Amino acid sequence: MQETHSTAAPSLSPQDFGPLGRSLFAACRVLSLLGGAVFIALVAMSIVSIVGRKLFSAPVPGDVEVLQMAAAFASASFFAYCHMNGGDVKVDFFTARASAKVVHRLDALGSGLVGLFGSVLTWRALAGALSIREAGETSMILGWPLWIAQILMVPGFVLLALAGFYMLALHLRHSTLTPTGAAA
C-alpha cells in the first residue's frame, strides 16, 4: 500500500494557542457544551410532548415555540468552537500541493472572513433583538418576549467573530514562521 504525502499545512490545534487563545477556546468550549445541553433538553421535551400528545392528548404547551427559540441559541453556540478546533468544511483539493506558507495564508483569509461574518451576525442579531424588544413582540402561545431568544444568540456570534480574528492572526504568524516551499 502506497502512502501519499500532502505538503499542505496541518490544521492548527489548541496546543498552538497562546494564553489568549486558550482562554477564548475555553469560552467557546463552555458555550458549545451549554448549547449541546440545550439540544438534549429539547429532545427530551419533544419526546414528552409527542408521547403526551399521542397517549394522553396533552402535549407540552408551546413546544414548537420553545424548540425554535432554544434551537436558535444552541445552534449559534457551536460555530466558534468548531472554527477554533479546525472543524470547518475545507476543500483542500486545490491546496494539496501548496506550501505550508500558502495554506496558512489562505486559512488566514478564511478566518478573517469568518471574523467579519461573525461581526455582522453579532451586529444584526443585536439590532434585531433590540428592535423586537422595542416593538414588544411575543410568541403566540406562551407569550414569551421574542427578543430574549434572539439576544441569546449574540454571545455565540461574538465568540465566532473573536475566534475568526484570533485564528486569522495565528495563521498569519505561522505563515511567517514557515519557510517558503516547506512541507508541513
# chains A, B, ... in the order shown; residues from 1 in each chain; ligands from 1

call {"tool": "select_by_dssp", "arguments": {"residues": "region 4-50 of chain A", "states": "helix (DSSP H, G or I)", "output": "ChimeraX atom specification"}}
result
/A:14-16,19-50

call {"tool": "write_last_selection", "arguments": {"atoms": "C-alpha atoms", "output": "PDB file, in the first residue's frame"}}
result
ATOM      1  CA  PRO A  14      -5.451  24.263  20.645  1.00  0.00           C
ATOM      2  CA  GLN A  15      -1.879  23.279  21.580  1.00  0.00           C
ATOM      3  CA  ASP A  16      -0.718  26.044  19.197  1.00  0.00           C
ATOM      4  CA  PRO A  19      -2.801  32.302  26.680  1.00  0.00           C
ATOM      5  CA  LEU A  20      -5.428  34.494  24.976  1.00  0.00           C
ATOM      6  CA  GLY A  21      -6.275  31.733  22.533  1.00  0.00           C
ATOM      7  CA  ARG A  22      -6.584  29.140  25.290  1.00  0.00           C
ATOM      8  CA  SER A  23      -8.969  31.420  27.193  1.00  0.00           C
ATOM      9  CA  LEU A  24     -11.004  32.072  24.059  1.00  0.00           C
ATOM     10  CA  PHE A  25     -11.040  28.349  23.265  1.00  0.00           C
ATOM     11  CA  ALA A  26     -12.229  27.553  26.806  1.00  0.00           C
ATOM     12  CA  ALA A  27     -15.075  30.081  26.495  1.00  0.00           C
ATOM     13  CA  CYS A  28     -16.042  28.612  23.112  1.00  0.00           C
ATOM     14  CA  ARG A  29     -15.980  25.110  24.578  1.00  0.00           C
ATOM     15  CA  VAL A  30     -18.176  26.068  27.548  1.00  0.00           C
ATOM     16  CA  LEU A  31     -20.713  27.748  25.266  1.00  0.00           C
ATOM     17  CA  SER A  32     -20.785  24.765  22.908  1.00  0.00           C
ATOM     18  CA  LEU A  33     -21.328  22.369  25.837  1.00  0.00           C
ATOM     19  CA  LEU A  34     -24.174  24.584  27.016  1.00  0.00           C
ATOM     20  CA  GLY A  35     -25.644  24.511  23.506  1.00  0.00           C
ATOM     21  CA  GLY A  36     -25.385  20.720  23.491  1.00  0.00           C
ATOM     22  CA  ALA A  37     -27.174  20.518  26.839  1.00  0.00           C
ATOM     23  CA  VAL A  38     -29.949  22.711  25.450  1.00  0.00           C
ATOM     24  CA  PHE A  39     -30.352  20.384  22.467  1.00  0.00           C
ATOM     25  CA  ILE A  40     -30.539  17.361  24.796  1.00  0.00           C
ATOM     26  CA  ALA A  41     -33.233  19.127  26.834  1.00  0.00           C
ATOM     27  CA  LEU A  42     -35.115  19.933  23.618  1.00  0.00           C
ATOM     28  CA  VAL A  43     -35.043  16.284  22.575  1.00  0.00           C
ATOM     29  CA  ALA A  44     -36.408  15.267  25.987  1.00  0.00           C
ATOM     30  CA  MET A  45     -39.127  17.935  25.791  1.00  0.00           C
ATOM     31  CA  SER A  46     -40.074  16.819  22.278  1.00  0.00           C
ATOM     32  CA  ILE A  47     -40.346  13.181  23.370  1.00  0.00           C
ATOM     33  CA  VAL A  48     -42.534  14.153  26.337  1.00  0.00           C
ATOM     34  CA  SER A  49     -44.694  16.315  24.078  1.00  0.00           C
ATOM     35  CA  ILE A  50     -45.093  13.663  21.368  1.00  0.00           C
TER      36      ILE A  50
END

call {"tool": "residues_around", "arguments": {"residues": "Asn85 (chain A)", "least_positions_apart": "3", "cutoff": "7 Å", "atoms": "only C-alpha atoms", "output": "list of chain:residue names"}}
result
A:Ser13, A:Pro14, A:Tyr81, A:Cys82

call {"tool": "write_last_selection", "arguments": {"atoms": "C-alpha atoms", "output": "PDB file, in the first residue's frame"}}
result
ATOM      1  CA  SER A  13      -4.790  22.839  17.172  1.00  0.00           C
ATOM      2  CA  PRO A  14      -5.451  24.263  20.645  1.00  0.00           C
ATOM      3  CA  TYR A  81     -15.705  26.147  18.909  1.00  0.00           C
ATOM      4  CA  CYS A  82     -15.912  24.461  15.528  1.00  0.00           C
TER       5      CYS A  82
END

call {"tool": "residues_around", "arguments": {"residues": "Leu160 (chain A)", "least_positions_apart": "4", "cutoff": "7 Å", "atoms": "only C-alpha atoms", "output": "ChimeraX atom specification"}}
result
/A:79-80,115,118,156,164

call {"tool": "closest_residue", "arguments": {"among": "A:Trp147, A:Phe117, A:Phe93, A:Phe56", "to": "Leu159 (chain A)", "atoms": "only C-alpha atoms"}}
result
A:Phe117

call {"tool": "closest_residue", "arguments": {"among": "A:Ala149, A:Ala129, A:Ser119, A:Leu142", "to": "Phe73 (chain A)", "atoms": "only C-alpha atoms"}}
result
A:Ala149

call {"tool": "closest_residue", "arguments": {"among": "A:Ala169, A:Met84, A:Val60, A:Ile148", "to": "Gly136 (chain A)", "atoms": "only C-alpha atoms"}}
result
A:Ile148

call {"tool": "closest_atom_pairs", "arguments": {"of": "region 118-178 of chain A", "to": "region 97-113 of chain A", "cutoff": "7 Å", "atoms": "only C-alpha atoms", "output": "JSON lines"}}
result
{"residue": "A:Gly164", "atom": "CA", "partner": "A:Ser111", "partner_atom": "CA", "distance": 4.6}
{"residue": "A:Phe165", "atom": "CA", "partner": "A:Gly112", "partner_atom": "CA", "distance": 5.7}
{"residue": "A:Met167", "atom": "CA", "partner": "A:Ser111", "partner_atom": "CA", "distance": 5.8}
{"residue": "A:Leu168", "atom": "CA", "partner": "A:Ala108", "partner_atom": "CA", "distance": 4.3}
{"residue": "A:His171", "atom": "CA", "partner": "A:Ala108", "partner_atom": "CA", "distance": 5.1}
{"residue": "A:Leu172", "atom": "CA", "partner": "A:Ala108", "partner_atom": "CA", "distance": 5.9}
{"residue": "A:His174", "atom": "CA", "partner": "A:His104", "partner_atom": "CA", "distance": 6.7}
{"residue": "A:Ser175", "atom": "CA", "partner": "A:Lys101", "partner_atom": "CA", "distance": 4.6}
{"residue": "A:Thr178", "atom": "CA", "partner": "A:Lys101", "partner_atom": "CA", "distance": 5.6}

call {"tool": "atom_distance", "arguments": {"atom1": "CA of Ser77 (chain A)", "atom2": "CA of Leu126 (chain A)"}}
result
15.3 Å

call {"tool": "closest_residue", "arguments": {"among": "A:Val51, A:Leu170, A:Val158, A:Ala125", "to": "Phe78 (chain A)", "atoms": "only C-alpha atoms"}}
result
A:Val158

call {"tool": "atom_distance", "arguments": {"atom1": "CA of Ala161 (chain A)", "atom2": "CA of Trp123 (chain A)"}}
result
10.7 Å

call {"tool": "residues_around", "arguments": {"residues": "Gly62 (chain A)", "least_positions_apart": "5", "cutoff": "9 Å", "atoms": "only C-alpha atoms", "output": "NGL selection string"}}
result
:A and (67 or 139-142)

call {"tool": "write_last_selection", "arguments": {"atoms": "N, CA and C atoms", "output": "CSV table (one decimal), in the first residue's frame"}}
result
chain,number,residue,atom,x,y,z
A,67,LEU,N,-38.9,25.1,21.1
A,67,LEU,CA,-37.9,24.4,20.2
A,67,LEU,C,-37.3,25.4,19.3
A,139,SER,N,-44.3,35.6,21.6
A,139,SER,CA,-44.6,34.3,21.0
A,139,SER,C,-46.2,34.1,21.1
A,140,MET,N,-46.7,33.4,20.1
A,140,MET,CA,-48.2,33.3,20.0
A,140,MET,C,-48.8,32.5,21.2
A,141,ILE,N,-48.3,31.4,21.6
A,141,ILE,CA,-48.9,30.5,22.5
A,141,ILE,C,-48.5,30.9,24.0
A,142,LEU,N,-47.2,31.0,24.2
A,142,LEU,CA,-46.7,31.2,25.5
A,142,LEU,C,-46.6,32.7,25.9

call {"tool": "atom_distance", "arguments": {"atom1": "CA of Leu116 (chain A)", "atom2": "CA of Met153 (chain A)"}}
result
16.4 Å

call {"tool": "closest_residue", "arguments": {"among": "A:Leu12, A:Ala127, A:Leu121, A:Leu55", "to": "Ala76 (chain A)", "atoms": "only C-alpha atoms"}}
result
A:Leu121

call {"tool": "decode", "arguments": {"residues": "region 15-46 of chain A", "atoms": "N, CA and C atoms", "output": "mmCIF file, in the first residue's frame"}}
result
data_model
loop_
_atom_site.group_PDB
_atom_site.id
_atom_site.type_symbol
_atom_site.label_atom_id
_atom_site.label_comp_id
_atom_site.auth_asym_id
_atom_site.auth_seq_id
_atom_site.Cartn_x
_atom_site.Cartn_y
_atom_site.Cartn_z
ATOM 1 N N GLN A 15 -3.232 23.282 21.018
ATOM 2 C CA GLN A 15 -1.879 23.279 21.580
ATOM 3 C C GLN A 15 -1.032 24.416 20.993
ATOM 4 N N ASP A 16 -1.445 24.944 19.833
ATOM 5 C CA ASP A 16 -0.718 26.044 19.197
ATOM 6 C C ASP A 16 -1.140 27.415 19.725
ATOM 7 N N PHE A 17 -2.178 27.455 20.555
ATOM 8 C CA PHE A 17 -2.716 28.728 21.034
ATOM 9 C C PHE A 17 -1.860 29.292 22.159
ATOM 10 N N GLY A 18 -1.847 30.611 22.233
ATOM 11 C CA GLY A 18 -1.221 31.297 23.354
ATOM 12 C C GLY A 18 -2.232 31.419 24.488
ATOM 13 N N PRO A 19 -1.891 32.164 25.532
ATOM 14 C CA PRO A 19 -2.801 32.302 26.680
ATOM 15 C C PRO A 19 -4.163 32.891 26.283
ATOM 16 N N LEU A 20 -4.168 33.903 25.434
ATOM 17 C CA LEU A 20 -5.428 34.494 24.976
ATOM 18 C C LEU A 20 -6.250 33.467 24.202
ATOM 19 N N GLY A 21 -5.594 32.744 23.326
ATOM 20 C CA GLY A 21 -6.275 31.733 22.533
ATOM 21 C C GLY A 21 -6.840 30.605 23.379
ATOM 22 N N ARG A 22 -6.093 30.196 24.398
ATOM 23 C CA ARG A 22 -6.584 29.140 25.290
ATOM 24 C C ARG A 22 -7.812 29.606 26.070
ATOM 25 N N SER A 23 -7.801 30.868 26.491
ATOM 26 C CA SER A 23 -8.969 31.420 27.193
ATOM 27 C C SER A 23 -10.173 31.515 26.259
ATOM 28 N N LEU A 24 -9.932 31.977 25.049
ATOM 29 C CA LEU A 24 -11.004 32.072 24.059
ATOM 30 C C LEU A 24 -11.538 30.682 23.729
ATOM 31 N N PHE A 25 -10.638 29.721 23.568
ATOM 32 C CA PHE A 25 -11.040 28.349 23.265
ATOM 33 C C PHE A 25 -11.874 27.769 24.410
ATOM 34 N N ALA A 26 -11.475 28.048 25.639
ATOM 35 C CA ALA A 26 -12.229 27.553 26.806
ATOM 36 C C ALA A 26 -13.638 28.150 26.828
ATOM 37 N N ALA A 27 -13.755 29.438 26.536
ATOM 38 C CA ALA A 27 -15.075 30.081 26.495
ATOM 39 C C ALA A 27 -15.932 29.470 25.382
ATOM 40 N N CYS A 28 -15.319 29.228 24.231
ATOM 41 C CA CYS A 28 -16.042 28.612 23.112
ATOM 42 C C CYS A 28 -16.499 27.204 23.483
ATOM 43 N N ARG A 29 -15.655 26.486 24.175
ATOM 44 C CA ARG A 29 -15.980 25.110 24.578
ATOM 45 C C ARG A 29 -17.138 25.097 25.572
ATOM 46 N N VAL A 30 -17.100 25.991 26.554
ATOM 47 C CA VAL A 30 -18.176 26.068 27.548
ATOM 48 C C VAL A 30 -19.503 26.400 26.864
ATOM 49 N N LEU A 31 -19.482 27.365 25.956
ATOM 50 C CA LEU A 31 -20.713 27.748 25.266
ATOM 51 C C LEU A 31 -21.233 26.610 24.391
ATOM 52 N N SER A 32 -20.328 25.878 23.748
ATOM 53 C CA SER A 32 -20.785 24.765 22.908
ATOM 54 C C SER A 32 -21.357 23.634 23.761
ATOM 55 N N LEU A 33 -20.770 23.386 24.923
ATOM 56 C CA LEU A 33 -21.328 22.369 25.837
ATOM 57 C C LEU A 33 -22.711 22.784 26.330
ATOM 58 N N LEU A 34 -22.869 24.061 26.607
ATOM 59 C CA LEU A 34 -24.174 24.584 27.016
ATOM 60 C C LEU A 34 -25.186 24.413 25.883
ATOM 61 N N GLY A 35 -24.767 24.713 24.664
ATOM 62 C CA GLY A 35 -25.644 24.511 23.506
ATOM 63 C C GLY A 35 -26.030 23.048 23.345
ATOM 64 N N GLY A 36 -25.089 22.148 23.564
ATOM 65 C CA GLY A 36 -25.385 20.720 23.491
ATOM 66 C C GLY A 36 -26.383 20.298 24.551
ATOM 67 N N ALA A 37 -26.231 20.832 25.762
ATOM 68 C CA ALA A 37 -27.174 20.518 26.839
ATOM 69 C C ALA A 37 -28.577 21.018 26.498
ATOM 70 N N VAL A 38 -28.646 22.180 25.866
ATOM 71 C CA VAL A 38 -29.949 22.711 25.450
ATOM 72 C C VAL A 38 -30.590 21.784 24.417
ATOM 73 N N PHE A 39 -29.802 21.307 23.463
ATOM 74 C CA PHE A 39 -30.352 20.384 22.467
ATOM 75 C C PHE A 39 -30.830 19.084 23.113
ATOM 76 N N ILE A 40 -30.102 18.576 24.092
ATOM 77 C CA ILE A 40 -30.539 17.361 24.796
ATOM 78 C C ILE A 40 -31.865 17.615 25.516
ATOM 79 N N ALA A 41 -31.981 18.771 26.160
ATOM 80 C CA ALA A 41 -33.233 19.127 26.834
ATOM 81 C C ALA A 41 -34.374 19.259 25.824
ATOM 82 N N LEU A 42 -34.084 19.804 24.650
ATOM 83 C CA LEU A 42 -35.115 19.933 23.618
ATOM 84 C C LEU A 42 -35.589 18.575 23.120
ATOM 85 N N VAL A 43 -34.664 17.643 22.983
ATOM 86 C CA VAL A 43 -35.043 16.284 22.575
ATOM 87 C C VAL A 43 -35.950 15.670 23.635
ATOM 88 N N ALA A 44 -35.583 15.805 24.901
ATOM 89 C CA ALA A 44 -36.408 15.267 25.987
ATOM 90 C C ALA A 44 -37.789 15.913 25.982
ATOM 91 N N MET A 45 -37.849 17.241 25.821
ATOM 92 C CA MET A 45 -39.127 17.935 25.791
ATOM 93 C C MET A 45 -39.973 17.468 24.609
ATOM 94 N N SER A 46 -39.339 17.277 23.461
ATOM 95 C CA SER A 46 -40.074 16.819 22.278
ATOM 96 C C SER A 46 -40.641 15.417 22.482
#
